[in-house]
>>> print(open('query07.txt').read())   # compact mmCIF, C-alpha atoms
# COMPACT_ATOMS: atom_id res chain seq x y z
CA MET F 1221 23.67 104.86 -11.70
CA ALA F 1222 25.37 102.79 -14.39
CA LEU F 1223 25.02 99.04 -14.12
CA LYS F 1224 28.23 97.16 -13.46
CA ALA F 1225 29.79 95.16 -16.23
CA LEU F 1226 28.45 91.64 -16.56
CA ARG F 1227 30.94 88.77 -16.35
CA ILE F 1228 30.05 85.78 -18.51
CA GLY F 1229 32.20 82.68 -18.88
CA ALA F 1230 32.16 79.96 -21.55
CA GLY F 1231 32.05 76.52 -19.92
CA ALA F 1232 31.97 74.44 -23.10
CA GLY F 1233 32.13 74.91 -26.84
CA TYR F 1234 30.80 71.52 -27.91
CA ALA F 1235 29.25 68.37 -26.41
CA GLY F 1236 32.49 66.60 -25.59
CA ASP F 1237 34.45 69.61 -24.34
CA ARG F 1238 36.80 69.43 -21.35
CA ILE F 1239 35.40 70.00 -17.88
CA PRO F 1240 38.38 71.22 -15.75
CA PRO F 1241 38.60 74.68 -17.42
CA ALA F 1242 34.91 75.23 -16.66
CA VAL F 1243 35.51 74.32 -13.02
CA ALA F 1244 38.33 76.86 -12.84
CA LEU F 1245 36.03 79.57 -14.19
CA ALA F 1246 33.31 78.63 -11.73
CA GLU F 1247 35.71 78.75 -8.80
CA LYS F 1248 37.84 81.77 -9.70
CA GLY F 1249 36.10 83.73 -12.47
CA GLN F 1250 33.79 85.82 -10.27
CA LEU F 1251 31.13 85.16 -12.88
CA ASP F 1252 27.55 86.27 -13.08
CA TYR F 1253 26.83 83.57 -15.66
CA LEU F 1254 28.52 80.38 -16.87
CA VAL F 1255 27.30 79.21 -20.27
CA PHE F 1256 27.65 75.69 -21.67
CA GLU F 1257 27.09 75.57 -25.44
CA CYS F 1258 26.95 71.90 -26.41
CA LEU F 1259 24.79 71.36 -29.51
CA ALA F 1260 26.05 70.87 -33.06
CA GLU F 1261 23.86 70.33 -36.13
CA ARG F 1262 23.66 66.55 -35.84
CA THR F 1263 23.95 66.34 -32.05
CA ILE F 1264 20.27 66.88 -31.39
CA ALA F 1265 19.15 64.39 -34.07
CA LEU F 1266 21.38 61.74 -32.50
CA ALA F 1267 19.94 62.67 -29.12
CA GLN F 1268 16.43 62.17 -30.53
CA LEU F 1269 17.41 58.63 -31.55
CA GLU F 1270 18.64 57.98 -28.03
CA LYS F 1271 15.38 59.34 -26.61
CA ILE F 1272 13.37 57.02 -28.88
CA GLN F 1273 15.28 54.06 -27.44
CA ASN F 1274 15.10 55.37 -23.85
CA PRO F 1275 12.62 58.15 -22.96
CA MET F 1276 14.73 58.98 -19.88
CA ARG F 1277 17.72 59.95 -22.01
CA GLY F 1278 18.31 62.19 -25.02
CA PHE F 1279 20.23 64.94 -23.24
CA ASP F 1280 23.96 65.68 -23.18
CA PRO F 1281 25.85 62.61 -21.90
CA LEU F 1282 28.21 64.82 -19.88
CA LEU F 1283 25.41 66.78 -18.21
CA SER F 1284 25.69 65.02 -14.85
CA ALA F 1285 29.48 65.16 -14.81
CA ARG F 1286 29.52 68.86 -15.66
CA MET F 1287 26.90 69.77 -13.09
CA LYS F 1288 28.58 67.71 -10.39
CA ALA F 1289 31.82 69.54 -11.14
CA VAL F 1290 30.56 73.15 -11.22
CA LEU F 1291 27.37 73.37 -9.16
CA PRO F 1292 29.04 73.73 -5.75
CA ALA F 1293 31.19 76.67 -6.87
CA CYS F 1294 28.39 78.29 -8.87
CA MET F 1295 25.97 78.11 -5.96
CA ALA F 1296 28.61 79.45 -3.56
CA HIS F 1297 29.43 82.43 -5.78
CA GLY F 1298 25.93 83.21 -7.07
CA THR F 1299 26.77 82.23 -10.64
CA ARG F 1300 23.81 81.23 -12.78
CA ILE F 1301 24.21 78.50 -15.39
CA ILE F 1302 22.71 78.63 -18.88
CA THR F 1303 23.00 75.67 -21.24
CA ASN F 1304 21.48 73.88 -24.22
CA MET F 1305 22.54 70.49 -22.83
CA GLY F 1306 18.87 69.54 -22.72
CA ALA F 1307 19.26 68.56 -26.39
CA ALA F 1308 16.27 66.34 -27.32
CA ASN F 1309 14.97 65.99 -23.76
CA PRO F 1310 15.28 69.27 -21.81
CA LEU F 1311 12.68 68.38 -19.19
CA GLN F 1312 14.40 65.13 -18.25
CA ALA F 1313 17.73 66.99 -18.29
CA GLY F 1314 16.31 69.44 -15.77
CA LYS F 1315 15.31 66.57 -13.51
CA GLU F 1316 18.80 65.11 -13.88
CA VAL F 1317 20.31 68.41 -12.71
CA LEU F 1318 18.05 68.33 -9.65
CA ALA F 1319 19.17 64.77 -8.90
CA VAL F 1320 22.81 65.85 -9.06
CA ALA F 1321 22.08 68.83 -6.80
CA LYS F 1322 20.31 66.61 -4.30
CA ALA F 1323 23.29 64.22 -4.20
CA LEU F 1324 25.53 67.23 -3.54
CA GLY F 1325 23.28 68.49 -0.75
CA LEU F 1326 22.21 71.55 -2.73
CA HIS F 1327 18.53 71.17 -1.94
CA GLN F 1328 17.69 74.83 -2.62
CA LEU F 1329 18.68 74.63 -6.28
CA LYS F 1330 16.01 75.51 -8.85
CA VAL F 1331 15.99 74.72 -12.55
CA ALA F 1332 14.14 76.49 -15.36
CA VAL F 1333 13.52 74.34 -18.43
CA VAL F 1334 12.82 76.05 -21.76
CA LEU F 1335 10.63 74.05 -24.14
CA GLY F 1336 9.31 74.67 -27.63
CA ASP F 1337 12.19 74.08 -30.02
CA ASP F 1338 10.93 70.58 -30.94
CA VAL F 1339 8.60 71.30 -33.85
CA LEU F 1340 8.40 67.84 -35.44
CA ALA F 1341 4.66 67.44 -34.76
CA ILE F 1342 3.87 70.90 -36.16
CA LEU F 1343 6.06 70.26 -39.19
CA GLN F 1344 4.33 67.00 -40.10
CA THR F 1345 0.86 68.51 -39.98
CA GLN F 1346 1.35 71.94 -41.52
CA TYR F 1347 4.66 72.39 -43.33
CA LEU F 1348 5.34 69.28 -45.43
CA SER F 1349 5.19 71.27 -48.65
CA GLU F 1350 7.85 73.75 -47.51
CA PRO F 1351 11.14 73.65 -49.45
CA LEU F 1352 14.37 72.47 -47.91
CA MET F 1353 17.12 75.08 -47.94
CA ASP F 1354 19.76 74.70 -50.67
CA SER F 1355 17.78 71.85 -52.21
CA THR F 1356 15.15 71.13 -54.85
CA HIS F 1357 13.28 68.88 -52.39
CA THR F 1358 10.50 69.60 -49.92
CA VAL F 1359 9.98 68.35 -46.38
CA SER F 1360 7.56 65.72 -47.67
CA ASP F 1361 10.39 64.05 -49.60
CA ILE F 1362 12.06 63.00 -46.34
CA GLN F 1363 8.97 62.79 -44.15
CA ALA F 1364 9.13 59.02 -43.67
CA LEU F 1365 12.78 59.25 -42.62
CA LEU F 1366 12.49 62.13 -40.15
CA VAL F 1367 13.67 61.64 -36.57
CA SER F 1368 13.85 65.28 -35.44
CA ALA F 1369 12.91 68.86 -36.28
CA ASN F 1370 14.23 71.56 -33.99
CA ALA F 1371 13.91 75.31 -34.40
CA TYR F 1372 16.72 77.65 -33.47
CA LEU F 1373 15.12 79.65 -30.66
CA GLY F 1374 16.46 83.07 -29.76
CA ALA F 1375 17.24 84.91 -26.54
CA GLU F 1376 13.59 85.90 -26.30
CA ALA F 1377 12.71 82.30 -25.39
CA LEU F 1378 15.19 82.34 -22.50
CA LEU F 1379 14.06 85.60 -20.89
CA PRO F 1380 11.14 84.16 -18.86
CA ALA F 1381 13.56 81.64 -17.34
CA LEU F 1382 16.02 84.39 -16.50
CA GLN F 1383 13.25 86.42 -14.89
CA SER F 1384 12.64 83.54 -12.49
CA ASP F 1385 14.93 82.75 -9.58
CA ALA F 1386 16.27 79.58 -11.20
CA HIS F 1387 19.93 78.83 -10.67
CA VAL F 1388 20.20 76.66 -13.80
CA ILE F 1389 18.47 77.39 -17.12
CA ILE F 1390 18.42 74.48 -19.53
CA SER F 1391 17.08 74.31 -23.08
CA GLY F 1392 17.16 72.30 -26.24
CA ARG F 1393 18.05 73.96 -29.53
CA VAL F 1394 18.82 77.65 -29.10
CA ALA F 1395 21.02 79.69 -31.43
CA ASP F 1396 24.51 79.60 -29.93
CA PRO F 1397 24.97 83.38 -29.46
CA ALA F 1398 21.50 83.65 -27.92
CA LEU F 1399 22.72 81.75 -24.85
CA PHE F 1400 24.97 84.75 -24.14
CA LEU F 1401 22.71 87.47 -25.50
CA ALA F 1402 19.82 86.53 -23.20
CA PRO F 1403 21.58 87.36 -19.90
CA LEU F 1404 22.75 90.66 -21.40
CA MET F 1405 19.20 91.57 -22.36
CA HIS F 1406 17.98 90.54 -18.92
CA HIS F 1407 20.67 92.29 -16.91
CA PHE F 1408 20.85 95.53 -18.87
CA GLN F 1409 17.14 95.57 -19.78
CA TRP F 1410 17.88 95.86 -23.49
CA ARG F 1411 14.74 96.12 -25.59
CA ALA F 1412 13.95 93.25 -27.93
CA ASP F 1413 13.89 95.73 -30.85
CA ASP F 1414 17.07 97.65 -30.05
CA TRP F 1415 18.80 96.16 -33.06
CA PRO F 1416 22.24 97.84 -32.67
CA LEU F 1417 22.53 96.66 -29.06
CA LEU F 1418 21.32 93.17 -29.92
CA GLY F 1419 23.91 93.03 -32.70
CA LYS F 1420 26.59 93.81 -30.14
CA GLY F 1421 25.25 91.11 -27.86
CA VAL F 1422 25.35 88.57 -30.67
CA MET F 1423 28.99 89.51 -31.24
CA VAL F 1424 29.73 88.76 -27.57
CA GLY F 1425 28.02 85.41 -27.90
CA HIS F 1426 29.79 84.57 -31.14
CA LEU F 1427 33.18 85.35 -29.63
CA LEU F 1428 32.52 83.11 -26.61
CA GLU F 1429 30.46 80.28 -28.04
CA CYS F 1430 33.36 78.02 -29.03
CA ALA F 1431 35.08 78.40 -25.64
CA ALA F 1432 38.79 77.54 -26.03
CA GLN F 1433 38.91 78.50 -29.71
CA ILE F 1434 39.38 82.11 -28.59
CA THR F 1435 42.06 81.29 -26.00
CA GLY F 1436 44.31 79.37 -28.38
CA GLY F 1437 42.54 76.09 -29.03
CA TYR F 1438 42.27 75.18 -32.72
CA PHE F 1439 44.71 78.04 -33.21
CA ALA F 1440 48.10 76.78 -32.08
CA ASP F 1441 50.65 76.15 -34.83
CA PRO F 1442 54.20 75.71 -33.44
CA GLY F 1443 56.68 78.27 -34.72
CA TYR F 1444 53.95 80.25 -36.44
CA LYS F 1445 51.21 80.78 -33.87
CA ASP F 1446 52.61 79.68 -30.53
CA VAL F 1447 50.24 79.27 -27.59
CA PRO F 1448 51.71 79.16 -24.07
CA ASN F 1449 50.87 76.20 -21.85
CA LEU F 1450 48.38 74.63 -24.26
CA ALA F 1451 48.09 71.58 -21.99
CA GLN F 1452 46.44 73.74 -19.32
CA LEU F 1453 44.34 75.73 -21.80
CA GLY F 1454 41.71 77.87 -20.08
CA TYR F 1455 38.28 78.96 -21.25
CA PRO F 1456 37.39 82.62 -21.92
CA LEU F 1457 35.25 85.05 -20.03
CA ALA F 1458 33.80 88.37 -21.09
CA GLU F 1459 33.34 91.64 -19.27
CA VAL F 1460 30.38 93.28 -20.99
CA SER F 1461 29.29 96.89 -20.52
CA ALA F 1462 25.74 98.23 -20.76
CA ASN F 1463 26.54 99.73 -24.17
CA GLY F 1464 27.50 96.30 -25.52
CA ASP F 1465 31.26 96.84 -25.64
CA VAL F 1466 33.18 93.86 -24.38
CA VAL F 1467 36.61 92.79 -23.15
CA ILE F 1468 37.49 89.15 -23.76
CA THR F 1469 39.94 87.69 -21.27
CA LYS F 1470 40.78 84.55 -19.27
CA LEU F 1471 41.94 83.57 -15.81
CA ALA F 1472 45.46 84.85 -15.19
CA ASP F 1473 46.80 81.42 -14.25
CA ALA F 1474 45.12 79.54 -17.11
CA GLY F 1475 47.05 78.37 -20.14
CA GLY F 1476 46.49 79.83 -23.57
CA CYS F 1477 46.28 83.42 -24.75
CA VAL F 1478 43.72 86.04 -25.74
CA THR F 1479 45.04 88.21 -28.55
CA VAL F 1480 43.69 90.23 -31.45
CA GLN F 1481 44.64 87.30 -33.68
CA THR F 1482 42.78 84.65 -31.67
CA CYS F 1483 39.74 86.93 -31.46
CA THR F 1484 39.87 87.70 -35.17
CA GLU F 1485 39.87 84.03 -36.08
CA GLN F 1486 36.88 83.38 -33.84
CA LEU F 1487 35.02 86.47 -35.04
CA LEU F 1488 35.27 85.20 -38.63
CA TYR F 1489 34.40 81.60 -37.73
CA GLU F 1490 31.34 80.35 -39.68
CA ILE F 1491 30.54 83.87 -40.92
CA GLU F 1492 29.53 83.99 -44.59
CA ASP F 1493 28.56 87.66 -44.79
CA PRO F 1494 29.86 89.82 -41.91
CA THR F 1495 27.30 92.52 -42.76
CA GLN F 1496 24.38 90.10 -42.37
CA TYR F 1497 24.87 87.41 -39.75
CA LEU F 1498 21.35 86.00 -39.54
CA GLN F 1499 20.21 85.20 -36.01
CA PRO F 1500 16.76 84.65 -34.46
CA ASP F 1501 17.00 87.90 -32.48
CA VAL F 1502 18.66 90.24 -34.97
CA VAL F 1503 20.57 90.41 -38.23
CA ALA F 1504 23.99 91.24 -36.83
CA ASP F 1505 26.58 93.37 -38.64
CA PHE F 1506 30.22 92.66 -37.77
CA SER F 1507 31.73 94.58 -40.69
CA LYS F 1508 32.85 97.54 -38.54
CA VAL F 1509 34.07 95.59 -35.51
CA LYS F 1510 37.37 96.78 -34.08
CA LEU F 1511 39.60 94.64 -31.88
CA LEU F 1512 42.16 96.27 -29.60
CA GLN F 1513 44.69 94.68 -27.26
CA VAL F 1514 44.13 96.59 -24.03
CA GLY F 1515 46.32 94.46 -21.77
CA PRO F 1516 47.88 91.03 -21.41
CA ASP F 1517 45.22 88.51 -22.49
CA ARG F 1518 42.65 91.31 -22.73
CA VAL F 1519 41.06 92.22 -26.07
CA GLN F 1520 38.36 94.87 -26.41
CA ALA F 1521 35.76 94.41 -29.15
CA GLU F 1522 33.45 97.18 -30.28
CA GLY F 1523 31.63 98.39 -33.37
CA ALA F 1524 29.09 95.62 -33.97
CA SER F 1525 25.55 96.60 -34.89
CA GLY F 1526 22.37 95.04 -36.18
CA SER F 1527 19.10 95.41 -38.03
CA THR F 1528 15.57 93.98 -37.84
CA ARG F 1529 15.34 90.28 -37.04
CA PRO F 1530 14.06 87.77 -39.66
CA ASP F 1531 10.38 86.82 -39.72
CA THR F 1532 11.31 83.14 -39.89
CA LEU F 1533 13.35 80.76 -37.77
CA LYS F 1534 15.73 78.15 -39.10
CA VAL F 1535 14.69 74.57 -38.39
CA THR F 1536 17.18 71.71 -38.54
CA LEU F 1537 15.76 68.37 -39.64
CA GLY F 1538 17.46 65.09 -38.79
CA TYR F 1539 16.62 62.09 -40.95
CA ARG F 1540 17.81 58.52 -41.46
CA ASP F 1541 20.08 58.24 -44.47
CA GLY F 1542 21.35 54.67 -44.54
CA PHE F 1543 24.37 53.07 -42.90
CA VAL F 1544 28.14 53.25 -43.24
CA GLY F 1545 30.28 50.16 -43.08
CA GLU F 1546 33.94 50.93 -42.44
CA GLY F 1547 37.11 48.94 -42.02
CA GLN F 1548 40.79 49.76 -41.65
CA MET F 1549 44.07 47.87 -41.91
CA SER F 1550 47.66 49.05 -41.38
CA TYR F 1551 50.76 48.28 -43.45
CA ALA F 1552 54.32 49.22 -42.51
CA GLY F 1553 57.87 48.89 -43.77
CA PRO F 1554 59.25 48.75 -47.33
CA GLY F 1555 56.47 48.75 -49.91
CA ALA F 1556 53.83 49.80 -47.38
CA LYS F 1557 52.17 52.21 -49.78
CA ASP F 1558 51.92 49.67 -52.59
CA ARG F 1559 50.58 46.97 -50.29
CA GLY F 1560 48.04 49.40 -48.88
CA GLN F 1561 46.90 50.37 -52.36
CA LEU F 1562 46.63 46.71 -53.32
CA ALA F 1563 44.42 46.14 -50.27
CA LEU F 1564 42.11 48.94 -51.39
CA ASP F 1565 41.95 47.59 -54.94
CA VAL F 1566 41.19 44.07 -53.75
CA VAL F 1567 38.33 45.12 -51.48
CA LYS F 1568 36.92 47.41 -54.15
CA ALA F 1569 36.83 44.53 -56.65
CA ARG F 1570 35.26 42.14 -54.15
CA LEU F 1571 32.55 44.63 -53.22
CA ALA F 1572 31.84 45.29 -56.92
CA ASP F 1573 31.43 41.54 -57.45
CA ALA F 1574 28.95 41.51 -54.54
CA GLY F 1575 26.85 44.25 -56.16
CA TYR F 1576 28.08 47.15 -54.05
CA GLY F 1577 29.85 49.07 -56.83
CA HIS F 1578 27.17 51.75 -57.17
CA PHE F 1579 27.24 52.85 -53.54
CA GLU F 1580 28.99 56.03 -52.36
CA ALA F 1581 32.42 54.96 -51.12
CA ARG F 1582 35.81 56.15 -49.89
CA TYR F 1583 39.04 54.23 -50.50
CA ASP F 1584 41.81 56.07 -48.63
CA LEU F 1585 45.40 55.57 -47.65
CA ILE F 1586 45.70 57.49 -44.41
CA GLY F 1587 49.03 59.30 -44.47
CA VAL F 1588 48.97 59.54 -48.27
CA ASN F 1589 45.71 60.81 -49.72
CA ALA F 1590 42.93 60.63 -47.11
CA ILE F 1591 42.72 64.42 -46.70
CA LEU F 1592 44.42 65.98 -49.71
CA GLY F 1593 43.04 63.57 -52.28
CA ASP F 1594 45.27 62.75 -55.25
CA THR F 1595 48.20 64.74 -53.87
CA GLN F 1596 50.99 62.19 -53.50
CA PRO F 1597 54.01 62.48 -51.18
CA SER F 1598 57.42 62.62 -52.82
CA TYR F 1599 58.71 60.00 -50.41
CA GLU F 1600 57.88 56.42 -49.52
CA PRO F 1601 55.89 56.52 -46.26
CA ALA F 1602 57.09 54.21 -43.49
CA GLU F 1603 53.53 53.23 -42.73
CA VAL F 1604 50.01 53.70 -44.08
CA ARG F 1605 46.54 52.75 -43.00
CA ALA F 1606 44.07 51.55 -45.60
CA ARG F 1607 40.52 52.71 -44.91
CA ILE F 1608 37.38 51.72 -46.78
CA ALA F 1609 34.00 53.29 -45.98
CA VAL F 1610 30.83 52.61 -47.97
CA ARG F 1611 27.39 54.12 -47.43
CA VAL F 1612 24.71 51.49 -47.99
CA ASN F 1613 21.01 50.98 -47.39
CA THR F 1614 20.96 48.43 -44.58
CA GLN F 1615 22.87 47.48 -41.47
CA ALA F 1616 23.55 44.01 -42.92
CA GLN F 1617 25.15 45.53 -46.01
CA ALA F 1618 27.30 47.77 -43.84
CA LEU F 1619 28.52 44.77 -41.86
CA HIS F 1620 29.38 43.01 -45.13
CA VAL F 1621 31.62 45.93 -46.08
CA ALA F 1622 33.35 45.97 -42.70
CA ASN F 1623 33.91 42.22 -42.77
CA GLU F 1624 35.50 42.35 -46.24
CA VAL F 1625 38.13 44.72 -44.88
CA GLU F 1626 38.84 42.58 -41.83
CA ALA F 1627 39.21 39.57 -44.13
CA LEU F 1628 42.33 41.20 -45.59
CA TYR F 1629 44.15 39.60 -42.65
CA THR F 1630 44.35 36.28 -44.50
CA ASN F 1631 42.97 37.22 -47.91
CA GLY F 1632 45.01 40.29 -48.75
CA PRO F 1633 48.55 41.67 -49.06
CA ALA F 1634 51.36 40.66 -46.75
CA SER F 1635 51.83 41.99 -43.23
CA GLY F 1636 48.50 43.70 -42.64
CA GLY F 1637 47.71 44.37 -38.99
CA GLY F 1638 45.68 46.37 -36.51
CA ALA F 1639 42.36 45.78 -38.25
CA SER F 1640 39.30 47.65 -37.06
CA LYS F 1641 35.74 47.72 -38.29
CA SER F 1642 32.54 49.58 -37.49
CA VAL F 1643 28.94 49.92 -38.57
CA ARG F 1644 26.95 53.08 -37.89
CA GLU F 1645 23.65 54.54 -38.91
CA VAL F 1646 23.83 57.81 -40.82
CA ILE F 1647 21.71 60.67 -39.53
CA ALA F 1648 21.75 63.40 -42.16
CA VAL F 1649 20.59 66.96 -41.62
CA ALA F 1650 18.64 69.40 -43.73
CA SER F 1651 17.27 72.85 -43.01
CA MET F 1652 14.08 74.77 -43.66
CA LEU F 1653 12.49 78.04 -42.54
CA MET F 1654 9.36 78.26 -40.41
CA PRO F 1655 7.36 81.34 -39.43
CA ARG F 1656 8.33 82.35 -35.90
CA SER F 1657 4.63 82.80 -35.14
CA ALA F 1658 4.16 79.03 -35.49
CA ILE F 1659 6.59 78.27 -32.67
CA GLN F 1660 5.42 78.60 -29.08
CA THR F 1661 7.86 78.34 -26.17
CA GLN F 1662 7.22 77.47 -22.54
CA THR F 1663 9.23 77.69 -19.32
CA VAL F 1664 8.84 75.00 -16.66
CA LEU F 1665 10.29 75.60 -13.19
CA LEU F 1666 11.58 72.62 -11.24
CA HIS F 1667 12.46 72.45 -7.56
CA GLY F 1668 13.10 69.18 -5.81
CA SER F 1669 10.73 66.66 -7.37
CA GLU F 1670 7.93 69.13 -8.06
CA GLU F 1671 7.13 71.29 -11.07
CA LEU F 1672 6.41 74.78 -9.80
CA ALA F 1673 4.94 76.30 -12.96
>>> encode(input="query07.txt", output="structure tokens")
Amino acid sequence: MALKALRIGAGAGYAGDRIPPAVALAEKGQLDYLVFECLAERTIALAQLEKIQNPMRGFDPLLSARMKAVLPACMAHGTRIITNMGAANPLQAGKEVLAVAKALGLHQLKVAVVLGDDVLAILQTQYLSEPLMDSTHTVSDIQALLVSANAYLGAEALLPALQSDAHVIISGRVADPALFLAPLMHHFQWRADDWPLLGKGVMVGHLLECAAQITGGYFADPGYKDVPNLAQLGYPLAEVSANGDVVITKLADAGGCVTVQTCTEQLLYEIEDPTQYLQPDVVADFSKVKLLQVGPDRVQAEGASGSTRPDTLKVTLGYRDGFVGEGQMSYAGPGAKDRGQLALDVVKARLADAGYGHFEARYDLIGVNAILGDTQPSYEPAEVRARIAVRVNTQAQALHVANEVEALYTNGPASGGGASKSVREVIAVASMLMPRSAIQTQTVLLHGSEELA
């Protein structure tokens, strides 16, 4: 007897994503799984910094709020949750989920925590001579500055957690599509070397991983690409068959739309070579994918395939790379552009006199050239905002930069206002490849206050 189609919903596409659409899916989506994809390249490095300052933190800041919002409905409907919101501290994140469940009276809830993506210790003892990707440097060149090293785990790492009876599965760094591929492999019993099927599963994950981007978010362009009821934009769900074919849709009463065009844009998102989309589980091939509108807000995708997985896993390294001092000041009315430019020139000269002229810097007029560079408008803008940002070596130097901009109040052009300033540490990222055999994963089951395995 054929297995029924699996219903998987996307509950988030990045760390700060909206929560209400995920609640709607949990309550009305009749889902088997709700997936929260919340890690970007730098997110986990920043989380590692937070963990260094407080060992009880380092996971997604919205974890508690999201779980509080969706756990009751997910438990009531038998929907399992999969997420990488563990970030730099998956085990503590799992305990946080249990605390939320306890407060909600959901004492039967179990959490499976997937560990093993943090490879910093292994890296520093065995792989310092390895080259950084797209660079002439090696890991040793940034060793003293490293704050994190996390491997992109695949669906294989999530399968032991899925084989348990955990209601929530939480991990650190996992390749985005793998969060969706894993439940497909588990439910349909796909083999880990069935490359064509795994390629189809990666396509499903890639289509869903950015949540609202496939229902009209980051797509809407009035008069050109209109999206109905964008204010109430819903998140997508997928109906996946055992053969890997999928229909992408949304809740009928949710805002947004699911069309061939929205799905095409998402399918091509971040894809360099559609014939070789490198993933931990498979090298996916999207070059023969066909998208067909099969109903209102229903798009069928088929034709993906795949070939043998890589022998290595990508590892993202986070390292300290100085500080940025930034300041802004607004100018409005006649001559606003010229006064704004004068403000930039004045600060640039003052910073050069202070010995800051060799640092990487941006001197922008927001509304004039901040995005398009030297392209100049053919009209006099009614208002501009001068922005200066300089990357320096120390926090004190960054504060100096920010203060020079604020000082424009009384030491710059006429009628400046709305000053702001900030100082932030820069966490840069680099990548390397590590043999998958060097990375060992582990699943820890949590129930109440006790670790079960």
>>> residues_around(input="query07.txt", residues="range 1600-1608 of chain F", least_positions_apart="6", cutoff="9 Å", atoms="all atoms listed in the file", output="ChimeraX atom specification")
/F:1545-1557,1560-1561,1563-1564,1567-1568,1581-1588,1590,1621-1622,1625
>>> residues_around(input="query07.txt", residues="Asp1354 in chain F", least_positions_apart="4", cutoff="10 Å", atoms="only C-alpha atoms", output="list in words")
Ala1650, Ser1651 and Met1652 of chain F
>>> write_last_selection(input="query07.txt", atoms="C-alpha atoms", output="PDB file, in the frame of the given file")
ATOM      1  CA  ALA F1650      18.640  69.400 -43.730  1.00  0.00           C
ATOM      2  CA  SER F1651      17.270  72.850 -43.010  1.00  0.00           C
ATOM      3  CA  MET F1652      14.080  74.770 -43.660  1.00  0.00           C
TER       4      MET F1652
END
>>> residues_around(input="query07.txt", residues="Leu1427 in chain F", least_positions_apart="5", cutoff="12 Å", atoms="all atoms listed in the file", output="ChimeraX atom specification")
/F:1228-1230,1233,1396-1398,1400-1401,1420-1422,1432-1435,1455-1458,1466-1469,1478,1480,1482-1491,1506,1509,1511,1519-1522,1524
>>> residues_around(input="query07.txt", residues="Ala1377 in chain F", least_positions_apart="2", cutoff="9 Å", atoms="all atoms listed in the file", output="JSON, numbers by chain")
{"F": [1334, 1335, 1336, 1373, 1374, 1375, 1379, 1380, 1381, 1394, 1402, 1660, 1661, 1662, 1663]}
>>> atom_distance(input="query07.txt", atom1="CA of Gly1632 in chain F", atom2="CA of Ala1569 in chain F")
12.1 Å
>>> closest_residue(input="query07.txt", among="F:Ile1659, F:Ala1246, F:Val1317, F:Leu1326", to="Cys1294 in chain F", atoms="all atoms listed in the file")
F:Ala1246
>>> decode(input="query07.txt", residues="range 1554-1566 of chain F", atoms="N, CA and C atoms", output="PDB file, in the first residue's frame")
ATOM      1  N   PRO F1554      16.263  72.965   0.943  1.00  0.00           N
ATOM      2  CA  PRO F1554      17.125  73.427  -0.149  1.00  0.00           C
ATOM      3  C   PRO F1554      18.601  73.229   0.189  1.00  0.00           C
ATOM      4  N   GLY F1555      19.341  72.698  -0.750  1.00  0.00           N
ATOM      5  CA  GLY F1555      20.774  72.480  -0.540  1.00  0.00           C
ATOM      6  C   GLY F1555      21.112  71.276   0.312  1.00  0.00           C
ATOM      7  N   ALA F1556      20.143  70.408   0.564  1.00  0.00           N
ATOM      8  CA  ALA F1556      20.379  69.267   1.461  1.00  0.00           C
ATOM      9  C   ALA F1556      21.520  68.381   0.951  1.00  0.00           C
ATOM     10  N   LYS F1557      21.538  68.150  -0.348  1.00  0.00           N
ATOM     11  CA  LYS F1557      22.567  67.266  -0.901  1.00  0.00           C
ATOM     12  C   LYS F1557      23.956  67.872  -0.717  1.00  0.00           C
ATOM     13  N   ASP F1558      24.094  69.149  -0.988  1.00  0.00           N
ATOM     14  CA  ASP F1558      25.406  69.787  -0.849  1.00  0.00           C
ATOM     15  C   ASP F1558      25.852  69.834   0.610  1.00  0.00           C
ATOM     16  N   ARG F1559      24.922  70.104   1.518  1.00  0.00           N
ATOM     17  CA  ARG F1559      25.292  70.122   2.936  1.00  0.00           C
ATOM     18  C   ARG F1559      25.664  68.718   3.415  1.00  0.00           C
ATOM     19  N   GLY F1560      24.944  67.712   2.930  1.00  0.00           N
ATOM     20  CA  GLY F1560      25.286  66.345   3.287  1.00  0.00           C
ATOM     21  C   GLY F1560      26.653  65.960   2.779  1.00  0.00           C
ATOM     22  N   GLN F1561      26.980  66.356   1.544  1.00  0.00           N
ATOM     23  CA  GLN F1561      28.289  66.045   0.988  1.00  0.00           C
ATOM     24  C   GLN F1561      29.390  66.769   1.754  1.00  0.00           C
ATOM     25  N   LEU F1562      29.113  68.021   2.134  1.00  0.00           N
ATOM     26  CA  LEU F1562      30.084  68.758   2.930  1.00  0.00           C
ATOM     27  C   LEU F1562      30.345  68.055   4.267  1.00  0.00           C
ATOM     28  N   ALA F1563      29.294  67.527   4.877  1.00  0.00           N
ATOM     29  CA  ALA F1563      29.453  66.801   6.138  1.00  0.00           C
ATOM     30  C   ALA F1563      30.373  65.594   5.947  1.00  0.00           C
ATOM     31  N   LEU F1564      30.173  64.856   4.859  1.00  0.00           N
ATOM     32  CA  LEU F1564      31.039  63.708   4.591  1.00  0.00           C
ATOM     33  C   LEU F1564      32.484  64.141   4.406  1.00  0.00           C
ATOM     34  N   ASP F1565      32.688  65.208   3.642  1.00  0.00           N
ATOM     35  CA  ASP F1565      34.048  65.684   3.369  1.00  0.00           C
ATOM     36  C   ASP F1565      34.737  66.149   4.646  1.00  0.00           C
ATOM     37  N   VAL F1566      34.002  66.806   5.505  1.00  0.00           N
ATOM     38  CA  VAL F1566      34.568  67.307   6.756  1.00  0.00           C
ATOM     39  C   VAL F1566      35.017  66.153   7.657  1.00  0.00           C
TER      40      VAL F1566
END
